[in-house]
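File shown here: upload.txt, holding compact mmCIF, C-alpha atoms.
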```
# COMPACT_ATOMS: atom_id res chain seq x y z
CA MET S 1 -15.86 24.10 26.05
CA GLN S 2 -12.24 22.93 26.18
CA LEU S 3 -11.38 19.24 25.92
CA LYS S 4 -8.37 17.64 27.58
CA LYS S 5 -8.03 15.10 24.78
CA VAL S 6 -9.83 13.61 21.79
CA PHE S 7 -9.31 9.90 21.11
CA ILE S 8 -9.22 9.18 17.39
CA GLU S 9 -9.41 5.69 15.93
CA ILE S 10 -7.56 5.96 12.63
CA THR S 11 -7.93 2.18 12.34
CA ASN S 12 -9.71 -0.53 14.30
CA PHE S 13 -7.31 -3.23 13.07
CA CYS S 14 -4.55 -4.58 15.29
CA GLY S 15 -4.00 -8.11 13.97
CA LEU S 16 -3.78 -9.57 17.48
CA ASN S 17 -6.10 -11.60 19.67
CA CYS S 18 -5.30 -10.46 23.20
CA THR S 19 -7.33 -12.34 25.78
CA PHE S 20 -7.88 -9.20 27.85
CA CYS S 21 -9.27 -7.07 25.01
CA THR S 22 -12.83 -6.22 24.11
CA PRO S 23 -14.43 -8.38 21.37
CA LEU S 24 -13.25 -7.52 17.88
CA LYS S 25 -15.33 -5.43 15.54
CA ASP S 26 -17.23 -6.97 12.66
CA SER S 27 -15.14 -5.24 9.99
CA LYS S 28 -11.62 -3.90 9.69
CA ASP S 29 -11.58 -0.25 8.75
CA ILE S 30 -9.15 2.61 8.26
CA MET S 31 -10.23 6.23 8.58
CA SER S 32 -9.81 8.12 5.32
CA LEU S 33 -7.30 10.97 5.24
CA SER S 34 -10.04 13.35 4.12
CA LEU S 35 -12.14 12.48 7.18
CA PHE S 36 -9.15 12.82 9.49
CA SER S 37 -8.38 16.21 7.98
CA LYS S 38 -11.95 17.33 8.69
CA ILE S 39 -11.69 16.02 12.24
CA ALA S 40 -8.40 17.84 12.84
CA LYS S 41 -9.96 21.08 11.64
CA GLU S 42 -13.06 20.56 13.78
CA ILE S 43 -11.25 19.72 17.03
CA LYS S 44 -8.55 22.39 16.77
CA PRO S 45 -10.61 25.07 18.60
CA TYR S 46 -11.33 22.62 21.44
CA THR S 47 -8.01 20.90 22.21
CA ARG S 48 -4.30 20.67 21.46
CA PHE S 49 -4.03 16.98 22.27
CA CYS S 50 -5.44 13.89 20.68
CA ALA S 51 -4.68 10.20 21.03
CA PHE S 52 -4.44 7.69 18.22
CA HIS S 53 -6.16 5.05 20.28
CA ILE S 54 -9.52 3.39 20.78
CA LEU S 55 -9.20 0.01 19.11
CA GLY S 56 -6.60 -0.88 16.52
CA ASP S 57 -2.89 -0.23 16.22
CA PRO S 58 -1.91 2.98 14.41
CA LEU S 59 1.49 1.53 13.50
CA SER S 60 -0.32 -0.96 11.25
CA VAL S 61 -1.36 1.97 9.01
CA GLU S 62 1.14 2.34 6.16
CA SER S 63 0.23 5.98 5.55
CA LEU S 64 0.69 6.98 9.21
CA LYS S 65 2.98 9.86 8.23
CA ASP S 66 0.15 11.46 6.25
CA TYR S 67 -2.06 11.51 9.35
CA LEU S 68 0.76 12.95 11.44
CA ASP S 69 1.42 15.62 8.80
CA ILE S 70 -2.23 16.69 8.96
CA ALA S 71 -2.05 16.80 12.76
CA ARG S 72 1.06 18.97 12.52
CA ASP S 73 -0.62 21.34 10.07
CA PHE S 74 -3.45 21.91 12.57
CA GLY S 75 -1.13 22.25 15.57
CA LEU S 76 -2.22 19.01 17.26
CA LYS S 77 0.00 16.94 19.54
CA ILE S 78 -0.42 13.17 19.30
CA ASP S 79 -0.24 10.50 22.00
CA LEU S 80 0.09 7.24 20.08
CA THR S 81 -0.67 3.84 21.63
CA THR S 82 0.62 0.65 20.06
CA SER S 83 1.12 -2.99 20.94
CA GLY S 84 4.67 -2.75 19.62
CA PHE S 85 4.15 -5.65 17.20
CA TYR S 86 4.41 -3.32 14.19
CA CYS S 87 7.39 -1.42 15.50
CA ASN S 88 10.22 -1.30 12.95
CA ALA S 89 13.11 0.91 11.89
CA ASN S 90 11.00 3.06 9.56
CA ASN S 91 8.15 3.91 11.91
CA SER S 92 10.56 4.28 14.85
CA HIS S 93 12.34 7.02 12.92
CA LEU S 94 8.98 8.59 12.10
CA LEU S 95 7.80 8.57 15.72
CA LEU S 96 11.00 10.06 17.07
CA HIS S 97 11.38 12.79 14.45
CA HIS S 98 7.85 13.87 13.63
CA PRO S 99 6.96 17.13 15.43
CA SER S 100 3.35 16.14 16.11
CA ILE S 101 4.28 13.14 18.29
CA HIS S 102 4.12 14.00 21.99
CA GLN S 103 4.02 10.58 23.66
CA ILE S 104 4.47 6.94 22.61
CA ASN S 105 2.68 4.30 24.69
CA ILE S 106 3.66 0.67 24.11
CA SER S 107 1.44 -2.00 25.67
CA LEU S 108 3.97 -4.70 26.50
CA MET S 109 1.31 -6.95 28.02
CA SER S 110 0.07 -7.61 24.48
CA ALA S 111 2.93 -10.08 24.10
CA LEU S 112 1.94 -11.99 27.24
CA TYR S 113 -1.68 -12.77 26.39
CA GLN S 114 -1.61 -14.39 22.96
CA ASN S 115 -2.74 -17.92 22.19
CA LYS S 116 0.42 -18.49 20.16
CA PHE S 117 3.93 -18.47 21.61
CA ILE S 118 5.66 -15.10 21.35
CA SER S 119 9.45 -14.82 21.46
CA LEU S 120 10.20 -11.95 23.81
CA ASP S 121 13.63 -11.47 22.24
CA SER S 122 12.10 -10.93 18.79
CA TYR S 123 9.22 -8.83 20.13
CA LEU S 124 11.35 -6.54 22.28
CA ALA S 125 14.24 -6.04 19.83
CA PRO S 126 12.59 -3.29 17.70
CA ILE S 127 11.11 -1.67 20.82
CA PHE S 128 14.53 -1.52 22.43
CA ASN S 129 15.91 -0.14 19.16
CA LEU S 130 13.33 2.65 19.41
CA CYS S 131 14.43 3.33 22.98
CA HIS S 132 18.10 3.30 21.95
CA GLN S 133 17.48 5.84 19.20
CA HIS S 134 15.48 7.93 21.68
CA GLN S 135 18.42 7.96 24.09
CA GLN S 136 20.90 8.87 21.36
CA LEU S 137 18.74 11.78 20.27
CA GLN S 138 17.99 12.82 23.86
CA SER S 139 14.46 13.17 22.53
CA LYS S 140 11.97 15.12 24.62
CA LYS S 141 9.13 12.83 23.54
CA PHE S 142 7.83 10.52 26.25
CA ILE S 143 7.92 6.74 25.90
CA ASN S 144 5.76 4.74 28.30
CA LEU S 145 6.27 0.98 28.33
CA ARG S 146 3.03 -0.28 29.83
CA LEU S 147 2.38 -3.42 31.82
CA TRP S 148 -1.21 -2.87 32.85
CA ASN S 149 -1.72 -6.36 34.19
CA LEU S 150 -0.83 -5.97 37.86
CA ASN S 151 -2.94 -7.65 40.51
CA GLN S 152 -5.44 -5.58 42.46
CA ASN S 153 -2.82 -5.12 45.21
CA PHE S 154 -0.44 -3.78 42.52
CA SER S 155 1.85 -6.81 42.68
CA ALA S 156 3.17 -8.26 39.42
CA PRO S 157 2.20 -11.67 38.02
CA LYS S 158 5.05 -14.10 37.39
CA LYS S 159 4.64 -13.80 33.63
CA ASN S 160 5.98 -10.23 33.89
CA PHE S 161 9.34 -11.30 35.32
CA PRO S 162 11.03 -12.19 32.00
CA ILE S 163 10.14 -8.73 30.66
CA TYR S 164 11.48 -7.11 33.83
CA GLN S 165 14.74 -8.99 33.33
CA HIS S 166 15.02 -7.83 29.72
CA LEU S 167 14.40 -4.25 30.88
CA LYS S 168 17.04 -4.48 33.59
CA ASP S 169 19.56 -5.90 31.14
CA PHE S 170 18.91 -3.34 28.41
CA PHE S 171 18.74 -0.27 30.63
CA HIS S 172 21.45 -1.51 33.05
CA LEU S 173 19.23 -1.38 36.12
CA ASP S 174 19.54 -3.29 39.37
CA SER S 175 15.81 -3.44 40.07
CA ILE S 176 12.39 -2.74 38.65
CA GLN S 177 9.44 -1.25 40.50
CA PRO S 178 6.28 -2.69 38.91
CA ILE S 179 4.14 0.44 39.40
CA LYS S 180 6.60 2.93 37.90
CA THR S 181 10.28 2.83 37.06
CA ARG S 182 12.32 5.50 35.31
CA LEU S 183 14.22 3.45 32.77
CA ALA S 184 16.03 6.34 31.09
CA TYR S 185 15.52 10.00 30.22
CA LYS S 186 11.77 10.36 29.46
CA ILE S 187 11.38 6.57 29.19
CA HIS S 188 9.30 4.90 31.90
CA LEU S 189 7.85 1.54 32.76
CA VAL S 190 4.28 2.11 33.92
CA GLY S 191 2.30 -0.61 35.68
CA ALA S 192 -1.34 -0.75 36.67
CA PRO S 193 -4.07 -3.34 37.19
CA PHE S 194 -6.13 -4.43 34.22
CA PHE S 195 -8.85 -1.93 33.42
CA GLU S 196 -12.28 -3.41 32.94
CA TRP S 197 -14.10 -3.06 29.64
CA VAL S 198 -17.74 -2.16 29.99
CA ASN S 199 -19.64 -5.30 30.93
CA PRO S 200 -23.40 -5.20 30.18
CA LYS S 201 -23.90 -8.21 32.46
CA LYS S 202 -22.73 -6.36 35.56
CA PRO S 203 -25.28 -4.75 37.91
CA LYS S 204 -26.01 -1.22 36.77
CA GLN S 205 -24.77 1.76 38.74
CA ASN S 206 -26.96 4.80 38.27
CA GLU S 207 -24.72 7.18 40.21
CA GLY S 208 -21.24 8.36 39.34
CA LEU S 209 -19.09 11.13 37.94
CA CYS S 210 -17.32 11.11 34.59
CA TYR S 211 -15.80 13.63 32.22
CA GLY S 212 -16.96 11.89 29.07
CA ALA S 213 -18.22 14.47 26.53
CA SER S 214 -17.09 17.38 28.72
CA LYS S 215 -13.31 16.90 28.87
CA GLN S 216 -12.81 14.05 26.43
CA LEU S 217 -14.36 12.59 23.31
CA GLY S 218 -13.77 9.61 21.07
CA ILE S 219 -14.15 9.48 17.32
CA LEU S 220 -14.42 6.06 15.68
CA CYS S 221 -12.93 5.38 12.26
CA ASN S 222 -16.42 5.57 10.71
CA GLY S 223 -16.84 9.14 12.01
CA ILE S 224 -19.19 8.36 14.92
CA VAL S 225 -18.51 10.59 17.92
CA VAL S 226 -18.68 8.94 21.36
CA PRO S 227 -18.10 10.28 24.89
CA CYS S 228 -14.95 8.27 25.61
CA CYS S 229 -12.53 5.61 24.38
CA PHE S 230 -14.45 2.78 26.10
CA ASP S 231 -17.38 3.10 23.70
CA THR S 232 -15.70 1.05 21.00
CA LYS S 233 -18.90 0.22 19.10
CA GLY S 234 -20.63 3.59 19.17
CA SER S 235 -23.32 2.63 21.67
CA ILE S 236 -23.63 6.28 22.72
CA ASN S 237 -23.75 7.76 19.22
CA LEU S 238 -23.52 11.52 19.69
CA GLY S 239 -23.44 12.23 15.97
CA ASN S 240 -21.25 11.68 12.95
CA ILE S 241 -18.51 14.14 12.13
CA LYS S 242 -18.66 13.09 8.48
CA THR S 243 -21.90 15.03 8.08
CA GLN S 244 -21.98 17.30 11.13
CA SER S 245 -19.70 19.88 12.66
CA LEU S 246 -18.27 19.20 16.10
CA LYS S 247 -19.95 22.35 17.38
CA GLU S 248 -23.30 21.03 16.20
CA ILE S 249 -22.68 17.65 17.87
CA LEU S 250 -21.58 19.17 21.18
CA ASN S 251 -24.78 21.21 21.34
CA THR S 252 -27.20 18.31 20.87
CA PRO S 253 -29.65 17.49 23.67
CA ARG S 254 -28.02 14.07 24.19
CA VAL S 255 -24.60 15.61 24.90
CA GLU S 256 -26.09 18.28 27.15
CA SER S 257 -28.09 15.69 29.10
CA LEU S 258 -25.05 13.43 29.47
CA ILE S 259 -22.87 16.24 30.83
CA GLN S 260 -25.58 17.60 33.13
CA GLY S 261 -26.23 14.13 34.46
CA PHE S 262 -22.58 13.66 35.40
CA LYS S 263 -22.54 17.08 37.08
CA GLU S 264 -25.40 15.84 39.24
CA GLY S 265 -23.66 12.51 39.87
CA LYS S 266 -26.02 10.57 37.62
CA ARG S 267 -25.27 8.11 34.83
CA ILE S 268 -28.08 8.44 32.34
CA GLU S 269 -26.70 6.25 29.54
CA SER S 270 -26.91 2.46 29.78
CA LEU S 271 -23.25 1.98 28.76
CA CYS S 272 -22.14 4.38 31.51
CA GLN S 273 -24.21 2.50 34.07
CA ASN S 274 -22.20 -0.64 33.32
CA CYS S 275 -18.81 1.11 33.37
CA SER S 276 -16.50 0.71 36.37
CA TYR S 277 -13.76 3.12 35.26
CA ILE S 278 -12.83 5.87 37.71
CA PRO S 279 -12.10 9.16 35.88
CA GLN S 280 -8.65 10.63 36.43
CA TYR S 281 -9.15 14.19 35.26
CA THR S 282 -9.67 16.93 37.83
CA LYS S 283 -11.83 19.99 37.44
```

Could you rewrite the structure in this file as structure tokens?
Amino acid sequence: MQLKKVFIEITNFCGLNCTFCTPLKDSKDIMSLSLFSKIAKEIKPYTRFCAFHILGDPLSVESLKDYLDIARDFGLKIDLTTSGFYCNANNSHLLLHHPSIHQINISLMSALYQNKFISLDSYLAPIFNLCHQHQQLQSKKFINLRLWNLNQNFSAPKKNFPIYQHLKDFFHLDSIQPIKTRLAYKIHLVGAPFFEWVNPKKPKQNEGLCYGASKQLGILCNGIVVPCCFDTKGSINLGNIKTQSLKEILNTPRVESLIQGFKEGKRIESLCQNCSYIPQYTK
């Protein structure tokens, strides 16, 4: 089996209270370096790409370089997702120069959905500094500035307009296309409607295709392996990589049943039956 990507939650802490996010976890945890090293070794035969993203903001982890060094040693490429609130000169330099970083995703909508007032000038300044350094270096790493809060018809809410103006001013653009705009070399604005977190109160759908457990996996900071990044609380606990090998986990009856069910267009897990996400991978 080859996986497109493994989502790894090196921390579940983000320090924010975004109104669109899933409920916070009961405790704030950081994955130990020893556990991450074991994970990197275990996933290496199955994928080249992993994402530092389930819940939490990886830029809040002071020892981020140590995790990236381990990823480099095992030949893994990292897609890192952050709110941008912890972006500063030190970690910007790290992201742009570390060989394991493949893509940097910054969720700009995090600044628009806080209970407290957020100064866009202060919030965007270190992000724009990152982009400026990226341009100076002509870095081949991708930066995606995300505004995943478009309406269902893909039009932008009015609260996005001040950010669009800042982007136009900084990148010297005449216009912004909300769905996708090339801002500079390998720097893009990417828009999309809000994705829906799994809602147990929604009517269950017993039919549907997904690539959870067959082309992607998630690993929570406590070592629990889940089929995808939507299972933030380990509802579909496939095993724990602290005490099991990934090969052992992937060959359990629960994983095999989950994958076979999706092949037959069936959702056999309760969490999956309440999920409305449409998979984007192709066979």

Next on the checklist: At a cut-off of 8 Å, using only C-alpha atoms, what residues contact segment 184-199 of chain S? Leave out same-chain residues fewer than 3 positions from it and give the result as JSON, numbers by chain.
Outcome noted: {"S": [21, 22, 131, 135, 138, 139, 140, 141, 142, 143, 144, 145, 146, 147, 148, 149, 150, 151, 152, 154, 171, 178, 179, 180, 181, 202, 230, 271, 274, 275, 276, 277]}

Checklist outcome for this item: Pairwise distance, atom CA of Gln273 of chain S with atom CA of Leu80 of chain S, equals 28.4 Å

Next on the checklist: List the spatial neighbours of Ser235 of chain S as number ranges by chain - criterion: any atom at most 9 Å away, all atoms listed in the file, same-chain residues fewer than 4 positions off excluded.
Outcome noted: S: 226, 231, 270-271

Checklist entry - Contacts of Asn240 of chain S at 9 Å or less, counting all atoms listed in the file, minus same-chain residues fewer than 3 places along, as a list in words? => result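 Once the nearby chain positions are removed, what remains is Ile219, Asn222, Gly223, Ile224, Val225, Asn237, Thr243, Gln244, Ser245, Leu246 and Ile249 of chain S.
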
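With distances restricted to all atoms listed in the file, S:Cys221 is the closest residue to Phe52 of chain S from S:Ile118, S:Asp69, S:Phe128, S:Cys221.
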
Give me the box for segment 26-39 of chain S as AutoDock Vina command-line options, namely the centre and edge lengths in Å to one decimal of a box along x, y and z that holds every listed atom plus 8 Å on each side.
```
--center_x -12.3 --center_y 5.2 --center_z 8.4 --size_x 25.9 --size_y 40.3 --size_z 24.5
```

Checklist entry - If you count only C-alpha atoms, which residues fall within 12 Å of Gln165 of chain S, apart from same-chain ones fewer than 3 positions away, as a PyMOL selection string? => result chain S and resi 120-121+124+158-162+168-178

Checklist entry - What is the atom CA of Ile236 of chain S-atom CA of His53 of chain S distance in Å, reported with one decimal? => result 17.7 Å

Next on the checklist: List as a list in words the residues having at least one atom at most 10 Å from position (2.0, 8.4, 12.1) as given in the file, counting all atoms listed in the file.
Outcome noted: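 Output of the proximity query reads Ile10, Phe52, Pro58, Leu59, Ser60, Val61, Glu62, Ser63, Leu64, Lys65, Asp66, Tyr67, Leu68, Asp69, Ile70, Ala71, Ile78, Leu80, Asn91, Ser92, Leu94, Leu95, His98, Ser100 and Ile101 of chain S.
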
Checklist entry - What is the distance, in Å and to one decimal place, between atom CA of Gln136 of chain S and atom CA of Ser83 of chain S? => result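 We find that atom CA of Gln136 of chain S and atom CA of Ser83 of chain S lie 23.1 Å from each other.
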
Checklist entry - Could you name the residues that touch Lys215 of chain S at 10 Å or less, counting all atoms listed in the file, but leaving out those on the same chain fewer than 5 positions away, as a ChimeraX atom specification? => result /S:1-6,46-47,210,227-228,259,281-283

Item to check | Of the listed residues S:Ala89, S:Leu220, S:Cys229, S:Leu209, that which approaches Lys242 of chain S most closely, counting all atoms listed in the file | outcome: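 Once distances to Lys242 of chain S are computed over all atoms listed in the file, the minimum belongs to S:Leu220.
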
Checklist entry - List as a PyMOL selection string: which residues have an atom within 6 Å of (3.9, -8.4, 29.0), counting all atoms listed in the file? => result chain S and resi 108-112+147+160

Checklist entry - For Asn206 of chain S, which of S:Gly261, S:Pro253, S:Pro99, S:Gly84 is the closest residue, counting all atoms listed in the file? => result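 Of S:Gly261, S:Pro253, S:Pro99, S:Gly84, the one nearest Asn206 of chain S, counting all atoms listed in the file, is S:Gly261.
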
Item to check | Proximity to Pro45 of chain S - best of S:Ile30, S:Leu76, S:Leu16, S:Leu130, all atoms listed in the file | outcome: S:Leu76

Item to check | Given all atoms listed in the file as the counted atoms, nearest of S:Tyr164, S:Asn90, S:Pro203, S:Gln216 to Pro126 of chain S | outcome: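 Using all atoms listed in the file, Pro126 of chain S sits closest to S:Asn90.
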
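In this comparison, which uses only C-alpha atoms, the residue of S:Lys28, S:Lys201, S:Lys77, S:Lys116 approaching Leu55 of chain S most closely is S:Lys28.
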
Only N, CA and C atoms, as a PDB file, in the first residue's frame: that is what I want for segment 103-126 of chain S.
```pdb
ATOM      1  N   GLN S 103       5.627  22.724   1.404  1.00  0.00           N
ATOM      2  CA  GLN S 103       4.544  23.692   1.211  1.00  0.00           C
ATOM      3  C   GLN S 103       4.158  24.314   2.546  1.00  0.00           C
ATOM      4  N   ILE S 104       3.838  25.605   2.516  1.00  0.00           N
ATOM      5  CA  ILE S 104       3.413  26.343   3.707  1.00  0.00           C
ATOM      6  C   ILE S 104       2.000  26.850   3.450  1.00  0.00           C
ATOM      7  N   ASN S 105       1.039  26.397   4.243  1.00  0.00           N
ATOM      8  CA  ASN S 105      -0.345  26.834   4.124  1.00  0.00           C
ATOM      9  C   ASN S 105      -0.672  27.748   5.297  1.00  0.00           C
ATOM     10  N   ILE S 106      -1.154  28.951   5.003  1.00  0.00           N
ATOM     11  CA  ILE S 106      -1.490  29.908   6.053  1.00  0.00           C
ATOM     12  C   ILE S 106      -2.979  30.225   5.966  1.00  0.00           C
ATOM     13  N   SER S 107      -3.710  29.882   7.015  1.00  0.00           N
ATOM     14  CA  SER S 107      -5.160  30.064   7.045  1.00  0.00           C
ATOM     15  C   SER S 107      -5.494  31.485   7.487  1.00  0.00           C
ATOM     16  N   LEU S 108      -5.610  32.387   6.519  1.00  0.00           N
ATOM     17  CA  LEU S 108      -5.850  33.793   6.828  1.00  0.00           C
ATOM     18  C   LEU S 108      -7.207  34.013   7.490  1.00  0.00           C
ATOM     19  N   MET S 109      -8.161  33.124   7.232  1.00  0.00           N
ATOM     20  CA  MET S 109      -9.496  33.338   7.812  1.00  0.00           C
ATOM     21  C   MET S 109      -9.485  33.230   9.331  1.00  0.00           C
ATOM     22  N   SER S 110      -8.388  32.698   9.893  1.00  0.00           N
ATOM     23  CA  SER S 110      -8.284  32.622  11.352  1.00  0.00           C
ATOM     24  C   SER S 110      -8.373  34.006  11.989  1.00  0.00           C
ATOM     25  N   ALA S 111      -7.884  35.021  11.272  1.00  0.00           N
ATOM     26  CA  ALA S 111      -7.900  36.374  11.818  1.00  0.00           C
ATOM     27  C   ALA S 111      -9.283  37.019  11.760  1.00  0.00           C
ATOM     28  N   LEU S 112     -10.177  36.435  10.968  1.00  0.00           N
ATOM     29  CA  LEU S 112     -11.487  37.054  10.747  1.00  0.00           C
ATOM     30  C   LEU S 112     -12.582  36.505  11.652  1.00  0.00           C
ATOM     31  N   TYR S 113     -12.270  35.454  12.401  1.00  0.00           N
ATOM     32  CA  TYR S 113     -13.314  34.775  13.168  1.00  0.00           C
ATOM     33  C   TYR S 113     -12.909  34.590  14.626  1.00  0.00           C
ATOM     34  N   GLN S 114     -12.364  35.666  15.206  1.00  0.00           N
ATOM     35  CA  GLN S 114     -12.020  35.678  16.617  1.00  0.00           C
ATOM     36  C   GLN S 114     -12.993  36.580  17.374  1.00  0.00           C
ATOM     37  N   ASN S 115     -13.235  36.254  18.626  1.00  0.00           N
ATOM     38  CA  ASN S 115     -14.119  37.086  19.442  1.00  0.00           C
ATOM     39  C   ASN S 115     -13.494  38.446  19.757  1.00  0.00           C
ATOM     40  N   LYS S 116     -12.173  38.469  19.815  1.00  0.00           N
ATOM     41  CA  LYS S 116     -11.465  39.716  20.099  1.00  0.00           C
ATOM     42  C   LYS S 116     -11.030  40.378  18.795  1.00  0.00           C
ATOM     43  N   PHE S 117     -10.931  41.696  18.821  1.00  0.00           N
ATOM     44  CA  PHE S 117     -10.497  42.443  17.637  1.00  0.00           C
ATOM     45  C   PHE S 117      -9.073  42.069  17.264  1.00  0.00           C
ATOM     46  N   ILE S 118      -8.843  41.859  15.984  1.00  0.00           N
ATOM     47  CA  ILE S 118      -7.519  41.543  15.465  1.00  0.00           C
ATOM     48  C   ILE S 118      -7.097  42.642  14.500  1.00  0.00           C
ATOM     49  N   SER S 119      -5.949  43.236  14.733  1.00  0.00           N
ATOM     50  CA  SER S 119      -5.404  44.226  13.807  1.00  0.00           C
ATOM     51  C   SER S 119      -4.814  43.507  12.606  1.00  0.00           C
ATOM     52  N   LEU S 120      -5.395  43.726  11.433  1.00  0.00           N
ATOM     53  CA  LEU S 120      -4.885  43.063  10.243  1.00  0.00           C
ATOM     54  C   LEU S 120      -3.466  43.508   9.916  1.00  0.00           C
ATOM     55  N   ASP S 121      -3.154  44.767  10.178  1.00  0.00           N
ATOM     56  CA  ASP S 121      -1.794  45.251   9.911  1.00  0.00           C
ATOM     57  C   ASP S 121      -0.772  44.458  10.720  1.00  0.00           C
ATOM     58  N   SER S 122      -1.053  44.267  12.012  1.00  0.00           N
ATOM     59  CA  SER S 122      -0.122  43.533  12.879  1.00  0.00           C
ATOM     60  C   SER S 122      -0.091  42.055  12.516  1.00  0.00           C
ATOM     61  N   TYR S 123      -1.246  41.494  12.191  1.00  0.00           N
ATOM     62  CA  TYR S 123      -1.329  40.071  11.858  1.00  0.00           C
ATOM     63  C   TYR S 123      -0.600  39.758  10.555  1.00  0.00           C
ATOM     64  N   LEU S 124      -0.815  40.605   9.548  1.00  0.00           N
ATOM     65  CA  LEU S 124      -0.267  40.317   8.224  1.00  0.00           C
ATOM     66  C   LEU S 124       1.203  40.679   8.083  1.00  0.00           C
ATOM     67  N   ALA S 125       1.717  41.560   8.920  1.00  0.00           N
ATOM     68  CA  ALA S 125       3.103  42.026   8.772  1.00  0.00           C
ATOM     69  C   ALA S 125       4.119  40.880   8.734  1.00  0.00           C
ATOM     70  N   PRO S 126       4.131  39.945   9.712  1.00  0.00           N
ATOM     71  CA  PRO S 126       5.119  38.854   9.637  1.00  0.00           C
ATOM     72  C   PRO S 126       4.843  37.881   8.492  1.00  0.00           C
TER      73      PRO S 126
END
```
